[in-house]
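Everything below belongs to input.cif, which stores mmCIF, C-alpha atoms.
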```cif
data_protein
loop_
_atom_site.group_PDB
_atom_site.id
_atom_site.type_symbol
_atom_site.label_atom_id
_atom_site.label_comp_id
_atom_site.auth_asym_id
_atom_site.auth_seq_id
_atom_site.Cartn_x
_atom_site.Cartn_y
_atom_site.Cartn_z
ATOM 1 C CA MET J 129 -23.369 39.966 -7.037
ATOM 2 C CA ALA J 130 -23.105 36.972 -4.723
ATOM 3 C CA ASN J 131 -23.797 37.553 -1.081
ATOM 4 C CA THR J 132 -22.119 35.036 1.217
ATOM 5 C CA THR J 133 -23.810 34.361 4.526
ATOM 6 C CA ALA J 134 -23.120 32.284 7.583
ATOM 7 C CA ILE J 135 -25.388 29.522 6.300
ATOM 8 C CA GLY J 136 -25.417 29.891 2.593
ATOM 9 C CA THR J 137 -24.582 31.868 -0.462
ATOM 10 C CA ILE J 138 -27.349 33.881 -2.014
ATOM 11 C CA ALA J 139 -27.249 35.146 -5.534
ATOM 12 C CA HIS J 140 -28.277 38.631 -6.591
ATOM 13 C CA ASP J 141 -28.763 41.549 -4.212
ATOM 14 C CA LEU J 142 -31.097 39.842 -1.784
ATOM 15 C CA PRO J 143 -30.494 40.121 1.932
ATOM 16 C CA ASP J 144 -29.055 37.017 3.564
ATOM 17 C CA PHE J 145 -31.279 34.236 4.875
ATOM 18 C CA PRO J 146 -31.311 35.259 8.575
ATOM 19 C CA GLU J 147 -32.400 38.762 7.600
ATOM 20 C CA VAL J 148 -35.125 37.385 5.313
ATOM 21 C CA VAL J 149 -36.413 35.235 8.193
ATOM 22 C CA ARG J 150 -36.463 38.161 10.620
ATOM 23 C CA THR J 151 -38.117 40.463 8.091
ATOM 24 C CA HIS J 152 -40.851 38.067 7.007
ATOM 25 C CA GLN J 153 -41.479 35.907 10.076
ATOM 26 C CA GLY J 154 -44.477 38.012 11.155
ATOM 27 C CA ARG J 155 -46.030 37.852 7.697
ATOM 28 C CA VAL J 156 -45.652 34.080 7.293
ATOM 29 C CA PHE J 157 -46.631 33.215 10.862
ATOM 30 C CA SER J 158 -49.686 35.525 10.703
ATOM 31 C CA ILE J 159 -51.026 34.062 7.460
ATOM 32 C CA ALA J 160 -50.787 30.587 8.997
ATOM 33 C CA TYR J 161 -52.135 31.700 12.363
ATOM 34 C CA HIS J 162 -55.116 33.627 10.986
ATOM 35 C CA PHE J 163 -55.899 30.720 8.721
ATOM 36 C CA LEU J 164 -55.539 27.907 11.268
ATOM 37 C CA HIS J 165 -56.159 29.729 14.524
ATOM 38 C CA ASP J 166 -53.579 27.513 16.215
ATOM 39 C CA ARG J 167 -50.253 29.014 17.243
ATOM 40 C CA ALA J 168 -48.363 25.703 17.454
ATOM 41 C CA VAL J 169 -49.455 24.516 14.015
ATOM 42 C CA ALA J 170 -48.908 27.986 12.563
ATOM 43 C CA GLU J 171 -45.341 27.955 13.892
ATOM 44 C CA GLU J 172 -44.744 24.509 12.442
ATOM 45 C CA ILE J 173 -46.014 25.564 9.020
ATOM 46 C CA ALA J 174 -44.043 28.812 9.127
ATOM 47 C CA GLN J 175 -40.857 26.869 9.941
ATOM 48 C CA ASP J 176 -41.449 24.492 7.038
ATOM 49 C CA VAL J 177 -42.036 27.414 4.692
ATOM 50 C CA PHE J 178 -38.779 29.092 5.722
ATOM 51 C CA LEU J 179 -36.828 25.848 5.379
ATOM 52 C CA GLN J 180 -38.234 25.468 1.882
ATOM 53 C CA LEU J 181 -37.276 29.087 1.229
ATOM 54 C CA TYR J 182 -33.743 28.299 2.402
ATOM 55 C CA ARG J 183 -33.402 25.773 -0.411
ATOM 56 C CA THR J 184 -35.139 28.023 -2.947
ATOM 57 C CA LEU J 185 -33.625 31.391 -2.083
ATOM 58 C CA PRO J 186 -30.751 31.254 -4.620
ATOM 59 C CA SER J 187 -33.312 31.045 -7.432
ATOM 60 C CA LEU J 188 -35.308 34.067 -6.269
ATOM 61 C CA GLU J 189 -34.419 37.364 -7.855
ATOM 62 C CA SER J 190 -35.686 40.201 -5.709
ATOM 63 C CA GLU J 191 -37.228 41.148 -2.387
ATOM 64 C CA ALA J 192 -40.653 41.386 -4.076
ATOM 65 C CA HIS J 193 -40.133 37.917 -5.500
ATOM 66 C CA VAL J 194 -39.340 36.582 -2.016
ATOM 67 C CA THR J 195 -42.467 38.229 -0.558
ATOM 68 C CA ALA J 196 -44.708 36.826 -3.294
ATOM 69 C CA TRP J 197 -43.115 33.393 -2.962
ATOM 70 C CA LEU J 198 -43.643 33.355 0.817
ATOM 71 C CA ARG J 199 -47.303 34.380 0.529
ATOM 72 C CA LYS J 200 -47.975 31.781 -2.142
ATOM 73 C CA VAL J 201 -46.231 28.861 -0.452
ATOM 74 C CA THR J 202 -47.689 29.667 2.976
ATOM 75 C CA SER J 203 -51.199 29.922 1.512
ATOM 76 C CA HIS J 204 -50.921 26.591 -0.279
ATOM 77 C CA ARG J 205 -49.461 24.895 2.793
ATOM 78 C CA CYS J 206 -52.315 26.188 4.928
ATOM 79 C CA ILE J 207 -54.956 25.016 2.462
ATOM 80 C CA ASP J 208 -53.281 21.599 2.185
ATOM 81 C CA TYR J 209 -53.104 21.310 5.963
ATOM 82 C CA ALA J 210 -56.769 22.250 6.368
ATOM 83 C CA ARG J 211 -57.822 19.722 3.715
ATOM 84 C CA ARG J 212 -55.760 16.942 5.277
ATOM 85 C CA ARG J 213 -56.789 17.647 8.837
ATOM 86 C CA ARG J 214 -60.578 17.378 8.728
ATOM 87 C CA PRO J 215 -63.671 19.160 7.449
ATOM 88 C CA ASP J 216 -64.132 22.800 8.354
ATOM 89 C CA LEU J 217 -64.520 23.418 12.015
ATOM 90 C CA ALA J 218 -67.750 24.700 13.423
ATOM 91 C CA LEU J 219 -67.467 28.025 15.156
ATOM 92 C CA HIS J 220 -67.836 26.506 18.623
ATOM 93 C CA GLU J 221 -64.908 24.166 17.868
ATOM 94 C CA ILE J 222 -62.480 26.992 17.201
ATOM 95 C CA PRO J 223 -60.335 27.520 20.287
ATOM 96 C CA GLU J 224 -60.343 30.870 22.016
ATOM 97 C CA PRO J 225 -57.109 32.645 21.195
ATOM 98 C CA ALA J 226 -54.705 33.630 23.905
ATOM 99 C CA SER J 227 -55.342 37.124 25.160
ATOM 100 C CA GLU J 228 -53.607 39.720 23.042
ATOM 101 C CA THR J 229 -53.356 43.446 23.240
ATOM 102 C CA MET J 230 -54.770 45.185 20.212
ATOM 103 C CA PRO J 231 -56.284 48.538 19.418
ATOM 104 C CA GLY J 232 -59.936 48.876 18.507
ATOM 105 C CA ASP J 233 -62.432 46.439 19.912
ATOM 106 C CA PRO J 234 -60.468 43.424 21.141
ATOM 107 C CA LEU J 235 -63.608 41.384 21.686
ATOM 108 C CA MET J 236 -64.837 42.014 18.158
ATOM 109 C CA ALA J 237 -61.396 41.193 16.728
ATOM 110 C CA ARG J 238 -61.320 37.934 18.651
ATOM 111 C CA ARG J 239 -64.795 36.989 17.465
ATOM 112 C CA LEU J 240 -63.903 37.809 13.883
ATOM 113 C CA ARG J 241 -60.780 35.690 14.035
ATOM 114 C CA ARG J 242 -62.764 32.711 15.239
ATOM 115 C CA MET J 243 -65.319 33.287 12.514
ATOM 116 C CA VAL J 244 -62.670 33.571 9.818
ATOM 117 C CA ALA J 245 -61.127 30.308 11.069
ATOM 118 C CA SER J 246 -64.500 28.589 10.613
ATOM 119 C CA LEU J 247 -64.785 29.540 6.920
ATOM 120 C CA PRO J 248 -64.043 26.960 4.193
ATOM 121 C CA PRO J 249 -60.310 26.862 3.289
ATOM 122 C CA LYS J 250 -60.526 28.729 -0.024
ATOM 123 C CA ALA J 251 -62.706 31.491 1.379
ATOM 124 C CA ARG J 252 -60.509 31.686 4.465
ATOM 125 C CA ILE J 253 -57.249 32.193 2.606
ATOM 126 C CA VAL J 254 -58.862 34.860 0.414
ATOM 127 C CA VAL J 255 -59.980 36.775 3.511
ATOM 128 C CA VAL J 256 -56.556 36.445 5.162
ATOM 129 C CA LEU J 257 -54.711 37.631 2.073
ATOM 130 C CA ARG J 258 -57.182 40.450 1.466
ATOM 131 C CA TYR J 259 -57.262 41.866 4.997
ATOM 132 C CA GLN J 260 -53.913 40.860 6.458
ATOM 133 C CA GLU J 261 -51.749 41.292 3.373
ATOM 134 C CA GLU J 262 -53.948 44.020 1.833
ATOM 135 C CA LEU J 263 -53.844 42.293 -1.557
ATOM 136 C CA GLU J 264 -56.306 43.162 -4.306
ATOM 137 C CA PRO J 265 -58.482 40.329 -5.674
ATOM 138 C CA GLU J 266 -56.462 40.408 -8.925
ATOM 139 C CA GLU J 267 -53.237 39.885 -6.974
ATOM 140 C CA ILE J 268 -54.769 37.047 -4.953
ATOM 141 C CA ALA J 269 -56.028 35.378 -8.131
ATOM 142 C CA GLY J 270 -52.618 35.687 -9.788
ATOM 143 C CA MET J 271 -50.822 34.398 -6.725
ATOM 144 C CA LEU J 272 -53.002 31.361 -6.094
ATOM 145 C CA GLY J 273 -53.560 30.601 -9.765
ATOM 146 C CA TRP J 274 -57.337 30.972 -9.453
ATOM 147 C CA ARG J 275 -59.771 32.806 -11.689
ATOM 148 C CA LEU J 276 -60.514 36.395 -10.677
ATOM 149 C CA ASN J 277 -64.252 35.672 -10.507
ATOM 150 C CA THR J 278 -63.592 32.799 -8.113
ATOM 151 C CA VAL J 279 -61.639 35.064 -5.782
ATOM 152 C CA LYS J 280 -64.287 37.806 -5.944
ATOM 153 C CA SER J 281 -67.147 35.403 -5.287
ATOM 154 C CA GLN J 282 -65.237 33.746 -2.419
ATOM 155 C CA LEU J 283 -64.643 37.161 -0.908
ATOM 156 C CA GLN J 284 -68.272 38.272 -1.257
ATOM 157 C CA ARG J 285 -69.574 35.002 0.155
ATOM 158 C CA SER J 286 -67.105 35.194 3.043
ATOM 159 C CA LEU J 287 -68.127 38.736 3.913
ATOM 160 C CA ALA J 288 -71.797 37.792 3.746
ATOM 161 C CA MET J 289 -71.218 34.772 6.002
ATOM 162 C CA LEU J 290 -69.170 36.793 8.456
ATOM 163 C CA ARG J 291 -71.768 39.549 8.552
ATOM 164 C CA GLU J 292 -74.498 37.034 9.186
ATOM 165 C CA LYS J 293 -72.549 35.207 11.899
ATOM 166 C CA LEU J 294 -71.542 38.454 13.500
ATOM 167 C CA GLY J 295 -75.121 39.701 13.477
ATOM 168 C CA ARG J 296 -76.276 36.441 15.064
ATOM 169 C CA THR J 297 -73.595 36.593 17.720
ATOM 170 C CA LEU J 298 -74.277 40.224 18.528
ATOM 171 C CA GLY J 299 -77.993 39.452 18.678
ATOM 172 C CA GLU J 300 -77.299 36.654 21.148
ATOM 173 C CA VAL J 301 -75.124 38.969 23.226
ATOM 174 C CA LYS J 302 -77.855 41.693 23.283
ATOM 175 C CA SER J 303 -80.663 39.277 24.083
ATOM 176 C CA MET V 161 -69.727 46.797 4.665
ATOM 177 C CA LYS V 162 -66.934 49.258 5.228
ATOM 178 C CA HIS V 163 -67.236 48.806 8.968
ATOM 179 C CA LEU V 164 -66.870 45.029 8.686
ATOM 180 C CA GLU V 165 -63.857 45.372 6.427
ATOM 181 C CA ASP V 166 -62.204 47.756 8.878
ATOM 182 C CA GLU V 167 -62.899 45.346 11.712
ATOM 183 C CA LEU V 168 -61.409 42.527 9.615
ATOM 184 C CA ARG V 169 -58.276 44.552 8.963
ATOM 185 C CA ASN V 170 -57.986 45.145 12.664
ATOM 186 C CA ALA V 171 -58.573 41.464 13.451
ATOM 187 C CA MET V 172 -56.129 40.284 10.808
ATOM 188 C CA ARG V 173 -53.266 42.441 12.035
ATOM 189 C CA ARG V 174 -49.868 40.817 11.902
ATOM 190 C CA GLU V 175 -48.919 38.607 14.803
ATOM 191 C CA GLU V 176 -45.355 38.085 15.875
ATOM 192 C CA PRO V 177 -44.331 34.421 16.094
ATOM 193 C CA PRO V 178 -43.309 32.918 19.456
ATOM 194 C CA GLU V 179 -40.034 34.001 21.033
ATOM 195 C CA GLY V 180 -36.959 32.445 19.411
ATOM 196 C CA PHE V 181 -38.762 31.474 16.212
ATOM 197 C CA ALA V 182 -36.110 32.918 13.886
ATOM 198 C CA GLU V 183 -33.305 31.247 15.841
ATOM 199 C CA ARG V 184 -35.043 27.880 15.628
ATOM 200 C CA VAL V 185 -35.504 28.275 11.861
ATOM 201 C CA LEU V 186 -31.847 29.245 11.399
ATOM 202 C CA ALA V 187 -30.689 26.296 13.516
ATOM 203 C CA GLN V 188 -32.814 23.916 11.446
ATOM 204 C CA ALA V 189 -31.513 25.443 8.218
ATOM 205 C CA ALA V 190 -27.931 24.974 9.427
ATOM 206 C CA ALA V 191 -28.711 21.358 10.372
ATOM 207 C CA THR V 192 -30.256 20.809 6.936
ATOM 208 C CA LYS V 193 -27.134 22.188 5.313
ATOM 209 C CA GLN V 194 -24.932 19.891 7.422
ATOM 210 C CA SER V 195 -27.017 16.864 6.512
ATOM 211 C CA VAL V 196 -26.829 17.859 2.847
ATOM 212 C CA TRP V 197 -23.039 18.102 3.163
ATOM 213 C CA ALA V 198 -22.906 14.780 5.015
ATOM 214 C CA GLY V 199 -24.941 13.202 2.221
ATOM 215 C CA ALA V 200 -22.697 14.735 -0.410
ATOM 216 C CA PHE V 201 -19.600 13.579 1.510
ATOM 217 C CA ALA V 202 -21.000 10.042 1.811
ATOM 218 C CA TRP V 203 -21.758 10.034 -1.912
ATOM 219 C CA ARG V 204 -18.246 11.287 -2.638
ATOM 220 C CA ARG V 205 -16.767 8.477 -0.494
ATOM 221 C CA LEU V 206 -18.965 5.935 -2.241
ATOM 222 C CA ARG V 207 -17.811 7.229 -5.608
ATOM 223 C CA TRP V 208 -14.153 6.903 -4.542
ATOM 224 C CA ALA V 209 -14.796 3.384 -3.282
ATOM 225 C CA LEU V 210 -16.489 2.434 -6.555
ATOM 226 C CA ALA V 211 -13.652 3.979 -8.557
ATOM 227 C CA GLY V 212 -11.099 2.041 -6.431
ATOM 228 C CA ALA V 213 -12.972 -1.222 -6.885
ATOM 229 C CA LEU V 214 -13.171 -0.621 -10.630
ATOM 230 C CA CYS V 215 -9.423 0.111 -10.827
ATOM 231 C CA LEU V 216 -8.651 -3.050 -8.834
ATOM 232 C CA ALA V 217 -10.887 -5.125 -11.099
ATOM 233 C CA LEU V 218 -9.151 -3.662 -14.168
ATOM 234 C CA VAL V 219 -5.682 -4.424 -12.763
ATOM 235 C CA VAL V 220 -6.674 -8.021 -11.885
ATOM 236 C CA ALA V 221 -8.258 -8.515 -15.311
ATOM 237 C CA GLY V 222 -5.102 -7.072 -16.960
ATOM 238 C CA ILE V 223 -2.836 -9.437 -15.025
ATOM 239 C CA GLU V 224 -5.083 -12.401 -15.874
ATOM 240 C CA TYR V 225 -5.092 -11.445 -19.544
ATOM 241 C CA ARG V 226 -1.332 -11.046 -19.631
ATOM 242 C CA GLN V 227 -0.794 -14.429 -17.946
ATOM 243 C CA ALA V 228 -3.158 -16.053 -20.450
ATOM 244 C CA GLN V 229 -1.296 -14.376 -23.315
ATOM 245 C CA GLU V 230 2.075 -15.588 -21.983
ATOM 246 C CA GLU V 231 0.691 -19.085 -21.531
ATOM 247 C CA ARG V 232 -0.585 -19.106 -25.089
ATOM 248 C CA ALA V 233 2.731 -17.747 -26.407
ATOM 249 C CA ARG V 234 4.614 -20.484 -24.550
ATOM 250 C CA GLY V 235 2.241 -23.069 -26.001
ATOM 251 C CA GLU V 236 2.709 -21.678 -29.492
ATOM 252 C CA ALA V 237 6.493 -21.711 -29.108
ATOM 253 C CA ALA V 238 6.430 -25.320 -27.860
ATOM 254 C CA LYS V 239 4.199 -26.294 -30.757
ATOM 255 C CA GLU V 240 6.548 -24.576 -33.202
ATOM 256 C CA GLN V 241 9.537 -26.412 -31.695
ATOM 257 C CA LEU V 242 7.716 -29.726 -31.860
ATOM 258 C CA MET V 243 6.737 -29.155 -35.473
ATOM 259 C CA LEU V 244 10.319 -28.217 -36.326
ATOM 260 C CA ALA V 245 11.605 -31.331 -34.597
ATOM 261 C CA LEU V 246 9.069 -33.459 -36.454
ATOM 262 C CA ARG V 247 10.008 -31.857 -39.755
ATOM 263 C CA ILE V 248 13.715 -32.482 -39.074
ATOM 264 C CA THR V 249 13.020 -36.065 -38.033
ATOM 265 C CA ALA V 250 10.858 -36.658 -41.078
ATOM 266 C CA GLY V 251 13.588 -35.213 -43.293
ATOM 267 C CA LYS V 252 16.206 -37.436 -41.693
ATOM 268 C CA LEU V 253 14.010 -40.500 -42.008
ATOM 269 C CA GLN V 254 13.326 -39.715 -45.622
ATOM 270 C CA PHE V 255 17.061 -39.322 -46.210
ATOM 271 C CA VAL V 256 17.816 -42.616 -44.500
ATOM 272 C CA GLN V 257 15.068 -44.395 -46.420
ATOM 273 C CA SER V 258 16.292 -43.103 -49.738
ATOM 274 C CA LYS V 259 19.846 -44.192 -48.858
ATOM 275 C CA ILE V 260 18.590 -47.643 -47.914
ATOM 276 C CA GLN V 261 16.638 -47.966 -51.136
ATOM 277 C CA LEU V 262 19.597 -46.815 -53.134
ATOM 278 C CA HIS V 263 22.063 -49.369 -51.685
ATOM 279 C CA ALA V 264 19.774 -52.323 -50.948
ATOM 280 C CA GLY V 265 17.392 -52.038 -53.883
ATOM 281 C CA PRO V 266 18.582 -55.089 -56.077
ATOM 282 C CA TRP V 267 18.946 -57.515 -53.121
ATOM 283 C CA ILE V 268 15.567 -56.702 -51.927
ATOM 284 C CA TYR V 269 14.320 -57.438 -55.490
ATOM 285 C CA ARG V 270 16.349 -60.718 -55.693
ATOM 286 C CA ASP V 271 15.054 -61.891 -52.325
ATOM 287 C CA GLN V 272 11.511 -61.211 -53.377
ATOM 288 C CA THR V 273 11.935 -63.293 -56.564
ATOM 289 C CA LYS V 274 13.433 -66.169 -54.471
ATOM 290 C CA GLU V 275 10.435 -66.156 -52.212
ATOM 291 C CA ASN V 276 8.147 -66.303 -55.239
#
```
For the file at hand, write its structure as structure tokens.
Amino acid sequence: MANTTAIGTIAHDLPDFPEVVRTHQGRVFSIAYHFLHDRAVAEEIAQDVFLQLYRTLPSLESEAHVTAWLRKVTSHRCIDYARRRRPDLALHEIPEPASETMPGDPLMARRLRRMVASLPPKARIVVVLRYQEELEPEEIAGMLGWRLNTVKSQLQRSLAMLREKLGRTLGEVKS
Amino acid sequence: MKHLEDELRNAMRREEPPEGFAERVLAQAAATKQSVWAGAFAWRRLRWALAGALCLALVVAGIEYRQAQEERARGEAAKEQLMLALRITAGKLQFVQSKIQLHAGPWIYRDQTKEN
């Protein structure tokens, strides 16, 4: 059944575009933000993704399809942006995030975010999708069109690198 | 391992975008739609203009063709009339010549023998 909205007609039983934006804005912005560690660029990428969605929405069939599409397109945009921008940033080049309220250890979370942002693009997006979106390696592989072994090895290498960096940082803090 | 993964989950918690993000996206989407419509409208106008120009060219070509046809028809008619007039004239001349030969034949012969 067609669903007519203020700014477009959407086929099937999907919610209208404004509702899709409000429902998924946190997801899309967070993938970009955790990947790039830059709120302004993350917002720009998220806007582009939603504008692309606006043109694509009539061809999407379900809410799950929309979610998968948003994850995929955001991930690819982030990787493309990181490749275009410059080589991977060193940890000391990653800006400190604005102060945020979060449960758990805020200092640890902040450190981890900076460390994730310093990973190579492929490893970074795997970590973001695994721990932000709670996707299984099989789902990540299917979504990005990569081999499962690639995703698993990227994840293991990322965790090893993060553990090592974290251990070094904590060691520096203790000493 | 488990501890690090839990810390990562905590660190990778969803972030809300800046205030007014959704409104900005919707405004841009509306602007995109307007520009798409403007483009479509411009294309539609261009198509009408092209169709008009084509119609005008067809009308002009039709008029030109008709004038050329009329001109040719007039020429053909004039040629026909001329040919008819020539045929009539030739017929008359032939008639006159035969009459002349009929009545003046012997004298013409006699005069020719005198000259010889």
(request) One decimal, Å: what's the distance from atom CA of V:Glu175 over to atom CA of J:Val279, could you say? (result)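 If I compute the distance from atom CA of V:Glu175 to atom CA of J:Val279, I get 24.5 Å.
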(request) Please evaluate the PyMOL selection byres ((chain J) within 9 of (chain V)) against the structure above and give the resulting residues as a ChimeraX atom specification. (result) /J:134-136,145-146,149-150,153-159,161-162,167,170-171,174-176,178-179,182-183,230-234,236-241,255-256,258-262,287,290-291
Preceding selection exported with C-alpha atoms as a CSV table (one decimal), in the frame of the given file:
```
chain,number,residue,atom,x,y,z
J,134,ALA,CA,-23.1,32.3,7.6
J,135,ILE,CA,-25.4,29.5,6.3
J,136,GLY,CA,-25.4,29.9,2.6
J,145,PHE,CA,-31.3,34.2,4.9
J,146,PRO,CA,-31.3,35.3,8.6
J,149,VAL,CA,-36.4,35.2,8.2
J,150,ARG,CA,-36.5,38.2,10.6
J,153,GLN,CA,-41.5,35.9,10.1
J,154,GLY,CA,-44.5,38.0,11.2
J,155,ARG,CA,-46.0,37.9,7.7
J,156,VAL,CA,-45.7,34.1,7.3
J,157,PHE,CA,-46.6,33.2,10.9
J,158,SER,CA,-49.7,35.5,10.7
J,159,ILE,CA,-51.0,34.1,7.5
J,161,TYR,CA,-52.1,31.7,12.4
J,162,HIS,CA,-55.1,33.6,11.0
J,167,ARG,CA,-50.3,29.0,17.2
J,170,ALA,CA,-48.9,28.0,12.6
J,171,GLU,CA,-45.3,28.0,13.9
J,174,ALA,CA,-44.0,28.8,9.1
J,175,GLN,CA,-40.9,26.9,9.9
J,176,ASP,CA,-41.4,24.5,7.0
J,178,PHE,CA,-38.8,29.1,5.7
J,179,LEU,CA,-36.8,25.8,5.4
J,182,TYR,CA,-33.7,28.3,2.4
J,183,ARG,CA,-33.4,25.8,-0.4
J,230,MET,CA,-54.8,45.2,20.2
J,231,PRO,CA,-56.3,48.5,19.4
J,232,GLY,CA,-59.9,48.9,18.5
J,233,ASP,CA,-62.4,46.4,19.9
J,234,PRO,CA,-60.5,43.4,21.1
J,236,MET,CA,-64.8,42.0,18.2
J,237,ALA,CA,-61.4,41.2,16.7
J,238,ARG,CA,-61.3,37.9,18.7
J,239,ARG,CA,-64.8,37.0,17.5
J,240,LEU,CA,-63.9,37.8,13.9
J,241,ARG,CA,-60.8,35.7,14.0
J,255,VAL,CA,-60.0,36.8,3.5
J,256,VAL,CA,-56.6,36.4,5.2
J,258,ARG,CA,-57.2,40.4,1.5
J,259,TYR,CA,-57.3,41.9,5.0
J,260,GLN,CA,-53.9,40.9,6.5
J,261,GLU,CA,-51.7,41.3,3.4
J,262,GLU,CA,-53.9,44.0,1.8
J,287,LEU,CA,-68.1,38.7,3.9
J,290,LEU,CA,-69.2,36.8,8.5
J,291,ARG,CA,-71.8,39.5,8.6
```
(request) Tell me which of J:Thr151, J:Glu266, J:Arg275, J:Val254 sits closest to J:Ile207, counting only C-alpha atoms. (result) J:Val254
(message) Just to confirm, what's the straight-line distance from atom CA of J:Pro265 to atom CA of J:Lys280 in Å (one decimal)?
(response)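 Rounded to one decimal, the two atoms are 6.3 Å apart.
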(message) Using only C-alpha atoms, can you tell me which of J:Asn277, J:Ala160, J:His204, J:Glu172 comes closest to J:Lys250?
(response)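 Checking each candidate against J:Lys250, we get J:His204 as the closest.
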(request) Give me, please, the distance in Å between atom CA of J:Leu257 and atom CA of J:Arg199, quoted to one decimal. (result) 8.2 Å
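Between J:Ser246 and the residues J:Met289, J:Pro143, J:Thr195, J:Val169, the shortest atom-to-atom distance, using all atoms listed in the file, involves J:Met289.
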(message) My list of candidates is J:Leu235, J:Met243, J:Cys206, J:Leu198. Which is closest to J:Val177 when distances are computed with all atoms listed in the file?
(response)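 So, comparing all the options, the nearest one is J:Leu198.
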Can you complete the atoms of stretch 276-289 of chain J to N, CA, C and O atoms and list them as a short mmCIF file (atom, residue, chain, number, x, y, z; two decimals), keeping the file's coordinate frame?
```
data_model
loop_
_atom_site.label_atom_id
_atom_site.label_comp_id
_atom_site.auth_asym_id
_atom_site.auth_seq_id
_atom_site.Cartn_x
_atom_site.Cartn_y
_atom_site.Cartn_z
N LEU J 276 -60.17 35.18 -11.43
CA LEU J 276 -60.51 36.40 -10.68
C LEU J 276 -61.94 36.30 -10.13
O LEU J 276 -62.21 36.69 -8.98
N ASN J 277 -62.86 35.78 -10.95
CA ASN J 277 -64.25 35.67 -10.51
C ASN J 277 -64.39 34.75 -9.30
O ASN J 277 -65.22 35.00 -8.43
N THR J 278 -63.56 33.71 -9.27
CA THR J 278 -63.59 32.80 -8.11
C THR J 278 -63.20 33.54 -6.85
O THR J 278 -63.86 33.43 -5.81
N VAL J 279 -62.11 34.31 -6.95
CA VAL J 279 -61.64 35.06 -5.78
C VAL J 279 -62.70 36.07 -5.33
O VAL J 279 -63.02 36.17 -4.13
N LYS J 280 -63.28 36.80 -6.30
CA LYS J 280 -64.29 37.81 -5.94
C LYS J 280 -65.51 37.16 -5.29
O LYS J 280 -66.03 37.66 -4.29
N SER J 281 -65.95 36.05 -5.85
CA SER J 281 -67.15 35.40 -5.29
C SER J 281 -66.85 34.82 -3.91
O SER J 281 -67.67 34.90 -3.00
N GLN J 282 -65.62 34.26 -3.74
CA GLN J 282 -65.24 33.75 -2.42
C GLN J 282 -65.24 34.87 -1.39
O GLN J 282 -65.71 34.71 -0.26
N LEU J 283 -64.73 36.01 -1.82
CA LEU J 283 -64.64 37.16 -0.91
C LEU J 283 -66.04 37.66 -0.53
O LEU J 283 -66.33 37.92 0.65
N GLN J 284 -66.91 37.79 -1.53
CA GLN J 284 -68.27 38.27 -1.26
C GLN J 284 -69.03 37.29 -0.36
O GLN J 284 -69.69 37.71 0.60
N ARG J 285 -68.89 36.00 -0.67
CA ARG J 285 -69.57 35.00 0.16
C ARG J 285 -69.03 35.02 1.58
O ARG J 285 -69.80 34.91 2.54
N SER J 286 -67.71 35.18 1.71
CA SER J 286 -67.10 35.19 3.04
C SER J 286 -67.62 36.38 3.84
O SER J 286 -67.98 36.24 5.02
N LEU J 287 -67.66 37.54 3.21
CA LEU J 287 -68.13 38.74 3.91
C LEU J 287 -69.59 38.57 4.32
O LEU J 287 -69.98 38.96 5.43
N ALA J 288 -70.37 38.00 3.43
CA ALA J 288 -71.80 37.79 3.75
C ALA J 288 -71.94 36.83 4.93
O ALA J 288 -72.72 37.08 5.86
N MET J 289 -71.16 35.75 4.91
CA MET J 289 -71.22 34.77 6.00
C MET J 289 -70.77 35.40 7.32
O MET J 289 -71.39 35.18 8.36
#
```
